[in-house]
Every structure is written in C-alpha cells, then in structure tokens.
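As stored in work31.cif (mmCIF, C-alpha atoms and all ligand atoms):
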data_structure
loop_
_atom_site.label_atom_id
_atom_site.label_comp_id
_atom_site.auth_asym_id
_atom_site.auth_seq_id
_atom_site.Cartn_x
_atom_site.Cartn_y
_atom_site.Cartn_z
CA MET A 16 34.71 87.59 3.96
CA ASN A 17 36.93 85.24 5.97
CA THR A 18 37.26 85.92 9.68
CA GLN A 19 40.27 83.67 10.14
CA ASN A 20 43.47 83.11 8.20
CA ILE A 21 44.79 79.68 7.24
CA ASP A 22 46.36 79.28 10.69
CA GLY A 23 43.06 80.05 12.41
CA GLU A 24 44.21 83.50 13.58
CA ALA A 25 41.66 86.32 13.65
CA LEU A 26 41.61 88.65 10.66
CA GLY A 27 40.77 92.32 10.84
CA ARG A 28 44.11 93.59 12.10
CA GLY A 29 43.95 96.65 9.92
CA ILE A 30 45.99 97.63 6.90
CA ALA A 31 49.74 97.11 6.66
CA VAL A 32 51.37 99.49 4.17
CA VAL A 33 54.48 97.92 2.66
CA THR A 34 56.78 99.89 0.37
CA GLY A 35 59.19 98.00 -1.84
CA ALA A 36 56.73 95.12 -1.87
CA SER A 37 57.53 94.07 -5.45
CA SER A 38 60.66 92.17 -4.42
CA GLY A 39 63.11 91.23 -1.68
CA LEU A 40 62.46 92.05 1.94
CA GLY A 41 59.29 94.03 1.24
CA LYS A 42 57.74 91.09 -0.54
CA VAL A 43 58.59 88.83 2.39
CA TYR A 44 57.10 91.31 4.89
CA ALA A 45 53.94 91.48 2.77
CA ASP A 46 53.62 87.70 2.83
CA ARG A 47 54.22 87.38 6.57
CA LEU A 48 51.81 90.20 7.43
CA ALA A 49 49.11 88.75 5.19
CA LYS A 50 49.62 85.41 6.87
CA ARG A 51 48.97 87.11 10.21
CA GLY A 52 45.69 88.54 8.93
CA TYR A 53 46.61 92.08 7.87
CA ASP A 54 45.05 93.64 4.82
CA LEU A 55 47.71 95.19 2.61
CA LEU A 56 48.56 98.28 0.63
CA LEU A 57 51.52 97.32 -1.54
CA VAL A 58 53.69 100.14 -2.92
CA ALA A 59 56.42 100.07 -5.59
CA ARG A 60 56.98 100.99 -9.26
CA ARG A 61 56.52 97.59 -10.93
CA LYS A 62 52.76 97.27 -11.30
CA ASP A 63 52.85 93.76 -12.77
CA ARG A 64 54.71 92.35 -9.79
CA LEU A 65 52.50 94.13 -7.26
CA HIS A 66 49.39 92.93 -9.02
CA ILE A 67 50.50 89.29 -9.04
CA LEU A 68 51.57 89.46 -5.40
CA ALA A 69 48.27 91.03 -4.33
CA GLN A 70 46.30 88.34 -6.16
CA ASP A 71 48.42 85.56 -4.66
CA LEU A 72 48.17 86.84 -1.09
CA GLN A 73 44.44 87.44 -1.30
CA LYS A 74 43.92 83.92 -2.57
CA GLN A 75 46.32 82.31 -0.12
CA TYR A 76 45.35 84.13 3.09
CA GLY A 77 41.88 85.55 2.50
CA ILE A 78 42.93 89.15 3.11
CA GLN A 79 42.33 92.28 1.02
CA ALA A 80 45.37 93.54 -0.88
CA ASN A 81 45.47 96.77 -2.86
CA ILE A 82 48.36 98.19 -4.83
CA LEU A 83 49.64 101.71 -5.25
CA VAL A 84 52.12 102.17 -8.09
CA ALA A 85 54.52 104.97 -7.21
CA ASP A 86 58.08 106.08 -7.76
CA LEU A 87 59.13 107.17 -4.29
CA GLY A 88 62.05 109.04 -5.80
CA LEU A 89 59.59 111.55 -7.21
CA ALA A 90 58.06 114.18 -4.94
CA THR A 91 54.66 114.02 -6.63
CA ASP A 92 54.40 110.24 -6.22
CA LEU A 93 55.68 110.38 -2.64
CA ASN A 94 53.04 113.00 -1.77
CA ARG A 95 50.38 110.84 -3.37
CA VAL A 96 51.31 107.86 -1.21
CA ALA A 97 51.63 109.99 1.94
CA ASN A 98 48.22 111.55 1.33
CA ALA A 99 46.68 108.13 0.73
CA ILE A 100 47.74 106.79 4.12
CA ALA A 101 47.76 109.91 6.32
CA GLY A 102 44.94 109.99 8.84
CA ASP A 103 43.55 106.62 7.75
CA GLU A 104 42.63 104.93 11.00
CA ARG A 105 42.58 101.51 9.28
CA VAL A 106 46.37 101.70 8.81
CA THR A 107 48.03 99.90 11.71
CA VAL A 108 51.46 98.99 10.28
CA LEU A 109 53.93 100.75 8.00
CA VAL A 110 56.93 98.90 6.58
CA ASN A 111 59.37 101.14 4.71
CA SER A 112 61.38 98.62 2.73
CA ALA A 113 61.79 100.42 -0.60
CA GLY A 114 65.44 101.21 -1.08
CA THR A 115 68.05 101.72 -3.72
CA ALA A 116 71.84 101.74 -3.78
CA SER A 117 74.55 103.15 -5.95
CA PHE A 118 77.76 101.44 -4.95
CA VAL A 119 80.27 103.89 -6.41
CA PRO A 120 82.48 106.43 -4.64
CA SER A 121 80.49 109.58 -3.88
CA VAL A 122 82.79 111.63 -6.08
CA ALA A 123 81.86 109.44 -9.05
CA MET A 124 78.13 109.40 -8.43
CA SER A 125 75.86 111.37 -10.73
CA LEU A 126 73.63 113.94 -9.09
CA PRO A 127 70.46 112.21 -10.32
CA ASP A 128 71.58 108.92 -8.73
CA LEU A 129 72.52 110.75 -5.54
CA ASP A 130 69.11 112.44 -5.41
CA THR A 131 67.26 109.19 -6.10
CA GLN A 132 69.08 107.44 -3.30
CA LEU A 133 68.40 110.28 -0.87
CA ASN A 134 64.76 110.54 -1.91
CA VAL A 135 63.90 106.85 -1.76
CA ASN A 136 66.04 105.79 1.21
CA ALA A 137 65.71 108.85 3.45
CA ARG A 138 63.03 111.32 2.34
CA ALA A 139 60.34 108.73 1.56
CA VAL A 140 60.99 106.82 4.81
CA SER A 141 60.66 110.07 6.77
CA HIS A 142 57.61 111.44 4.96
CA LEU A 143 55.67 108.18 5.14
CA SER A 144 56.55 107.65 8.81
CA LEU A 145 55.32 111.15 9.60
CA ALA A 146 52.20 110.56 7.51
CA VAL A 147 51.02 107.70 9.75
CA LEU A 148 52.51 108.83 13.06
CA PRO A 149 49.84 111.36 14.15
CA GLU A 150 47.08 108.75 13.85
CA PHE A 151 49.25 106.12 15.59
CA LEU A 152 49.90 108.58 18.43
CA ARG A 153 46.21 109.46 18.65
CA LYS A 154 45.33 105.77 18.96
CA ASN A 155 48.47 105.06 21.01
CA ALA A 156 48.94 102.02 18.82
CA GLY A 157 50.69 101.19 15.58
CA THR A 158 53.92 99.77 14.21
CA ILE A 159 56.54 101.39 11.99
CA ILE A 160 59.35 99.26 10.57
CA ASN A 161 62.02 101.21 8.72
CA ILE A 162 64.55 98.91 7.09
CA GLY A 163 68.07 99.98 7.98
CA SER A 164 71.42 98.42 7.24
CA VAL A 165 74.60 97.34 8.97
CA LEU A 166 76.14 99.88 6.61
CA SER A 167 74.60 102.66 8.69
CA PHE A 168 77.34 102.00 11.25
CA SER A 169 80.30 102.03 8.87
CA ALA A 170 80.72 102.81 5.21
CA LEU A 171 82.44 101.01 2.37
CA PRO A 172 84.65 103.28 0.23
CA VAL A 173 82.15 102.71 -2.58
CA GLY A 174 79.10 103.23 -0.42
CA THR A 175 79.41 106.33 1.75
CA SER A 176 76.34 107.98 0.26
CA TYR A 177 74.23 104.84 0.71
CA SER A 178 75.48 104.52 4.30
CA ALA A 179 74.56 108.14 4.96
CA THR A 180 70.97 107.47 3.90
CA LYS A 181 70.80 104.43 6.19
CA ALA A 182 72.31 106.42 9.08
CA HIS A 183 69.42 108.82 8.55
CA VAL A 184 66.97 105.91 8.80
CA MET A 185 68.59 104.72 12.04
CA LEU A 186 68.64 108.10 13.79
CA PHE A 187 65.30 109.30 12.46
CA THR A 188 63.57 106.12 13.61
CA VAL A 189 65.08 106.34 17.08
CA ASP A 190 63.47 109.77 17.39
CA LEU A 191 59.95 108.68 16.51
CA GLY A 192 59.10 108.56 20.20
CA CYS A 193 58.86 104.82 20.44
CA GLY A 194 60.16 104.77 24.00
CA ARG A 195 57.52 107.20 25.22
CA ASN A 196 54.39 105.40 24.10
CA ARG A 197 53.08 102.02 23.06
CA LEU A 198 54.04 102.35 19.42
CA GLY A 199 56.30 99.75 17.92
CA CYS A 200 59.08 101.37 15.91
CA ASP A 201 61.89 99.22 14.60
CA ARG A 202 64.79 99.74 12.24
CA PRO A 203 66.20 96.29 11.52
CA ASN A 204 69.76 96.66 10.29
CA HIS A 205 70.02 94.04 7.61
CA GLY A 206 73.26 92.53 6.44
CA TYR A 207 74.34 92.04 2.88
CA ASP A 208 72.18 89.94 0.58
CA ARG A 209 73.69 89.51 -2.85
CA ARG A 210 70.27 88.81 -4.42
CA GLY A 211 69.03 92.27 -3.58
CA LEU A 212 70.16 95.82 -3.98
CA ARG A 213 73.72 95.46 -5.09
CA ARG A 214 72.81 93.62 -8.24
CA ARG A 215 69.87 95.84 -9.12
CA GLY A 216 71.49 99.14 -8.16
CA THR A 217 69.46 102.24 -9.01
CA ARG A 218 68.12 100.66 -12.16
CA GLY A 219 64.55 101.59 -12.94
CA PRO A 220 61.61 99.31 -13.65
N1 LIG A 301 69.94 93.44 -0.05
C1 LIG A 301 70.81 93.77 0.91
O1 LIG A 301 71.94 93.28 0.97
C2 LIG A 301 70.39 94.78 1.95
C3 LIG A 301 71.22 94.96 3.07
C4 LIG A 301 70.86 95.88 4.03
C5 LIG A 301 69.71 96.63 3.90
N2 LIG A 301 68.93 96.46 2.80
C6 LIG A 301 67.73 97.29 2.69
O2 LIG A 301 66.60 96.46 2.61
C7 LIG A 301 65.59 97.12 1.85
C8 LIG A 301 65.07 96.19 0.77
O3 LIG A 301 66.14 95.79 -0.06
P1 LIG A 301 66.10 94.43 -0.89
O4 LIG A 301 67.35 93.72 -0.63
O5 LIG A 301 64.82 93.73 -0.62
O6 LIG A 301 66.19 95.02 -2.37
P2 LIG A 301 65.34 94.77 -3.68
O7 LIG A 301 64.98 93.34 -3.81
O8 LIG A 301 66.09 95.45 -4.75
O9 LIG A 301 63.98 95.55 -3.38
C9 LIG A 301 63.94 96.94 -3.37
C10 LIG A 301 62.48 97.34 -3.41
O10 LIG A 301 62.43 98.78 -3.39
C11 LIG A 301 61.58 99.20 -4.45
N3 LIG A 301 62.05 100.48 -4.97
C12 LIG A 301 63.30 100.80 -5.40
N4 LIG A 301 63.32 102.05 -5.88
C13 LIG A 301 62.05 102.53 -5.75
C14 LIG A 301 61.44 103.74 -6.10
N5 LIG A 301 62.12 104.75 -6.69
N6 LIG A 301 60.12 103.90 -5.83
C15 LIG A 301 59.41 102.90 -5.27
N7 LIG A 301 59.94 101.72 -4.91
C16 LIG A 301 61.25 101.53 -5.16
C17 LIG A 301 61.67 98.13 -5.53
O11 LIG A 301 60.47 98.09 -6.27
P3 LIG A 301 60.33 98.60 -7.78
O12 LIG A 301 61.62 98.36 -8.49
O13 LIG A 301 59.18 97.79 -8.31
O14 LIG A 301 59.96 100.04 -7.64
C18 LIG A 301 61.78 96.89 -4.67
O15 LIG A 301 60.49 96.41 -4.33
C19 LIG A 301 66.23 98.40 1.28
O16 LIG A 301 65.81 99.50 2.08
C20 LIG A 301 67.70 98.16 1.46
O17 LIG A 301 68.42 99.36 1.61
C21 LIG A 301 69.23 95.53 1.82
#

Just dump the structure as structure tokens.
Ligand SMILES: NC(=O)c1ccc[n+]([C@@H]2O[C@H](COP(=O)([O-])OP(=O)(O)OC[C@H]3O[C@@H](n4cnc5c(N)ncnc54)[C@H](OP(=O)(O)O)[C@@H]3O)[C@@H](O)[C@H]2O)c1
Amino acid sequence: MNTQNIDGEALGRGIAVVTGASSGLGKVYADRLAKRGYDLLLVARRKDRLHILAQDLQKQYGIQANILVADLGLATDLNRVANAIAGDERVTVLVNSAGTASFVPSVAMSLPDLDTQLNVNARAVSHLSLAVLPEFLRKNAGTIINIGSVLSFSALPVGTSYSATKAHVMLFTVDLGCGRNRLGCDRPNHGYDRRGLRRRGTRGP
C-alpha cells in the first residue's frame, strides 16, 4: 500500500465519508480529499457513477475507496448509512453534500417531493452528523462539512421549502459544539450553480 499520495503527502488520514459523491460538489470534495490522502466512503444512489469514481480515485491517488449505495430520502437506507459510520474510529471527516431541490411554490409542491427534500437535505444531514459526532468528541478530533446555501438566508418565491431545509443545515451545524472543542464543523453556503440542483430537481436515478 502507498504511504504517500502523488504530492508526497502522508496517507493514512482516516476515512472521509462523502454523501452526494456521484456528482457536483460531493464529487469534487471526494477528489480533493483523496488527493490529500484520505480513504473514502462514497454515498449516493447511482451505483455506476460511484463505482467509476472510486476506481478512478484509487488509481489516481493510491487511496482506498468504498461505495455505499443508498437513497437518503428513505429511512431504512439512512439508518443503514448511519449505522455503517457510527462509532467507526477510522472515520475522520464527514461531508454531507447530498441534496435535492424542488423549485416550485410550497403550495404547489407534492407531499412526496416535500418529504424527499426534508429527508435528504435536513434529516439525513442531521442523522449522519450525529452518527459520527460521539466518536469525534471522544477523540476530540474530526471534521464535519454540511453543505448549506445562500438561500438559507433568504428565499425565492419558488424555493421557500428548499430554503427552510438549508436554514436547518445552517442552524443545526452551528449547534454541533464546534466552538467548544477542536472539531472542525463548517457549513459552506454555496451560491447558485446552474449545472447542479436546479436542472436535476428531485429527479431520481
Ligand atoms: N448547485 C447549486 O446551485 C447549489 C447552490 C447552493 C447549495 N447547493 C447544495 O450543494 C449540495 C450539492 O449540490 P450539487 O450542486 O452538487 O448538486 P448535484 O450535482 O445535483 O448533486 C447532488 C448529489 O446528491 C445526491 N442525492 C440527491 N438525492 C439523493 C438521495 N435521495 N439519496 C442519496 N443521494 C442523493 C446525488 O446523487 P444520486 O443522484 O446518485 O443519488 C448527487 O450526488 C446540495 O446540498 C445543494 O443543496 C447547491
């Protein structure tokens, strides 16, 4: 096994869990973390994309990359992911990037779409953060990155429900106790990227 990545940095930084790794920001985080020597657990629904990414990153950076296919909108799948990472002392980073958006007025949104958005954007972020947090606190080390949005500060008329889920991410992440210990907790509030969510909406795999 390699002890250094292609930049000569030491490997063995533990496992970075990245949700939403099959595309967009999650895929970029996976690449950058692998480049820094982290092993990876890549989570999303599209198995083919995760598989290709894992193969590419292993080959490129000499790290170990595993995949976990899960629909984070479903309670059973979310529990499966949470159980897989809870209490695992090898996990040192969690990136919650999986997200979905229905850009329609709340009054016009179907209840299934509303539930999916709440489950993926808010419930999954919370459950997975709380799955790793006890071990991070025990070690007094670890990093949680919950992807927020500028839309957590103000809502578009067609996006109040999405904004509400991102406001949850912002406030929940503030309360993870980051100021009271050495943990790194961040909630980057990304701006609009037309290649990402808006185009794909809540569409499935
Ligand atoms: N794009 C923007 O303009 C923008 C702006 C601000 C904030 N953000 C936030 O940034 C994060 C990433 O967005 P992106 O732009 O990178 O979007 P993206 O390219 O559409 O990626 C979304 C990722 O989430 C995963 N995902 C969606 N629903 C899922 C589900 N039910 N279960 C498991 N995984 C699911 C998708 O994987 P599968 O389809 O394979 O499951 C995909 O990997 C999101 O949290 C989003 O709210 C985006």

Next item on the list: Compile the contact shell of Asp190 of chain A as an NGL selection string: residues with an atom at most 12 Å away, counting all atoms listed in the file, same-chain residues fewer than 5 positions apart removed.
Entry: :A and (141 or 144-145 or 148 or 183-185 or 195 or 200-202)

Note to self: Could you list, as a list in words, every residue within 9 Å of Phe151 of chain A, counting only C-alpha atoms and ignoring same-chain residues fewer than 4 positions away?
What the structure shows: Gly102, Glu104, Val106, Thr107, Val147, Asn155, Ala156, Gly157, Thr158 and Leu198 of chain A

Checklist line | Of the listed residues A:Ile162, A:Leu186, A:Val33, A:Leu152, that which approaches ligand LIG 301 (chain A) most closely, counting only C-alpha atoms and all ligand atoms | finding: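 Answer, going by the shortest atom-to-atom distance: A:Ile162.
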
Give as a PDB file with C-alpha atoms, in the frame of the given file each residue that has an atom at most 12 Å from (83.1, 109.7, -4.2) in the file, counting only C-alpha atoms.
ATOM      1  CA  SER A 117      74.550 103.150  -5.950  1.00  0.00           C
ATOM      2  CA  PHE A 118      77.760 101.440  -4.950  1.00  0.00           C
ATOM      3  CA  VAL A 119      80.270 103.890  -6.410  1.00  0.00           C
ATOM      4  CA  PRO A 120      82.480 106.430  -4.640  1.00  0.00           C
ATOM      5  CA  SER A 121      80.490 109.580  -3.880  1.00  0.00           C
ATOM      6  CA  VAL A 122      82.790 111.630  -6.080  1.00  0.00           C
ATOM      7  CA  ALA A 123      81.860 109.440  -9.050  1.00  0.00           C
ATOM      8  CA  MET A 124      78.130 109.400  -8.430  1.00  0.00           C
ATOM      9  CA  SER A 125      75.860 111.370 -10.730  1.00  0.00           C
ATOM     10  CA  LEU A 126      73.630 113.940  -9.090  1.00  0.00           C
ATOM     11  CA  LEU A 129      72.520 110.750  -5.540  1.00  0.00           C
ATOM     12  CA  ALA A 170      80.720 102.810   5.210  1.00  0.00           C
ATOM     13  CA  LEU A 171      82.440 101.010   2.370  1.00  0.00           C
ATOM     14  CA  PRO A 172      84.650 103.280   0.230  1.00  0.00           C
ATOM     15  CA  VAL A 173      82.150 102.710  -2.580  1.00  0.00           C
ATOM     16  CA  GLY A 174      79.100 103.230  -0.420  1.00  0.00           C
ATOM     17  CA  THR A 175      79.410 106.330   1.750  1.00  0.00           C
ATOM     18  CA  SER A 176      76.340 107.980   0.260  1.00  0.00           C
ATOM     19  CA  TYR A 177      74.230 104.840   0.710  1.00  0.00           C
TER      20      TYR A 177
END

With all atoms of ligand LIG 301 (chain A) from the file as input, state the centre and edge lengths in Å to one decimal of the axis-aligned box that has 6 Å extra on each side, as JSON.
{"center_x": 65.6, "center_y": 99.0, "center_z": -2.2, "size_x": 24.8, "size_y": 23.5, "size_z": 24.5}

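Of the listed residues (A:Ala139, A:Val84, A:Ala113, A:Val165), A:Ala113 comes nearest to ligand LIG 301 (chain A); the distances count all atoms listed in the file.
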
Next item on the list: Report the distance between atom O3 of ligand LIG 301 (chain A) and atom CA of Ile159 of chain A in Å, rounded to one decimal place.
Entry: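 For atom O3 of ligand LIG 301 (chain A) relative to atom CA of Ile159 of chain A, the distance reads 16.4 Å.
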
Next item on the list: For atom CA of Val110 of chain A and atom CA of Ser169 of chain A, determine how far apart the two atoms are, in Å to one decimal place.
Entry: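 Computed distance, atom CA of Val110 of chain A to atom CA of Ser169 of chain A, equals 23.7 Å.
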
Checklist line | Nearest to Asn81 of chain A by atom-to-atom distance, counting all atoms listed in the file, from A:Lys181, A:His205, A:Arg95, A:Lys62 | finding: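 Smallest distance to Asn81 of chain A is found for A:Lys62.
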
Next item on the list: Enter the distance from atom CA of Leu55 of chain A to atom CA of Ala69 of chain A, in Å, rounded to one decimal.
Entry: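 Value for the atom CA of Leu55 of chain A-atom CA of Ala69 of chain A distance: 8.1 Å.
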
Margin query: as a PyMOL selection string, please: the residues near Val135 of chain A (cut-off 8 Å, only C-alpha atoms, same-chain neighbours under 6 positions excluded).
Written below: chain A and resi 87-88+113-115

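With only C-alpha atoms as the atoms that count, the residue of A:Ile78, A:Leu89, A:Val32, A:Val43 with the shortest distance to Leu57 of chain A is A:Val32.
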
Check: Counting all atoms listed in the file, what is within 12 Å of Tyr44 of chain A, bar same-chain residues fewer than 3 positions away, as a VMD selection string?
Finding: chain A and resid 31 to 41 47 to 51 53 55 to 57 68 72 108 to 113 160 to 162

Checklist line | Residue nearest ligand LIG 301 (chain A) - candidates A:Asp86, A:Asp63, A:Asp54, A:Asp46, atoms counted: all atoms listed in the file | finding: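 Checking each of A:Asp86, A:Asp63, A:Asp54, A:Asp46 against ligand LIG 301 (chain A), counting all atoms listed in the file, the winner is A:Asp86.
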
Check: Which of these residues is nearest to Arg28 of chain A, using only C-alpha atoms: A:Ala85, A:Asn98, A:Arg61, A:Arg105?
Finding: A:Arg105

Checklist line | Ala182 of chain A environment, 8 Å, only C-alpha atoms, sequence neighbours closer than 2 positions dropped, as a list of chain:residue names | finding: A:Gly163, A:Leu166, A:Ser167, A:Phe168, A:Ser178, A:Ala179, A:Thr180, A:Val184, A:Met185, A:Leu186
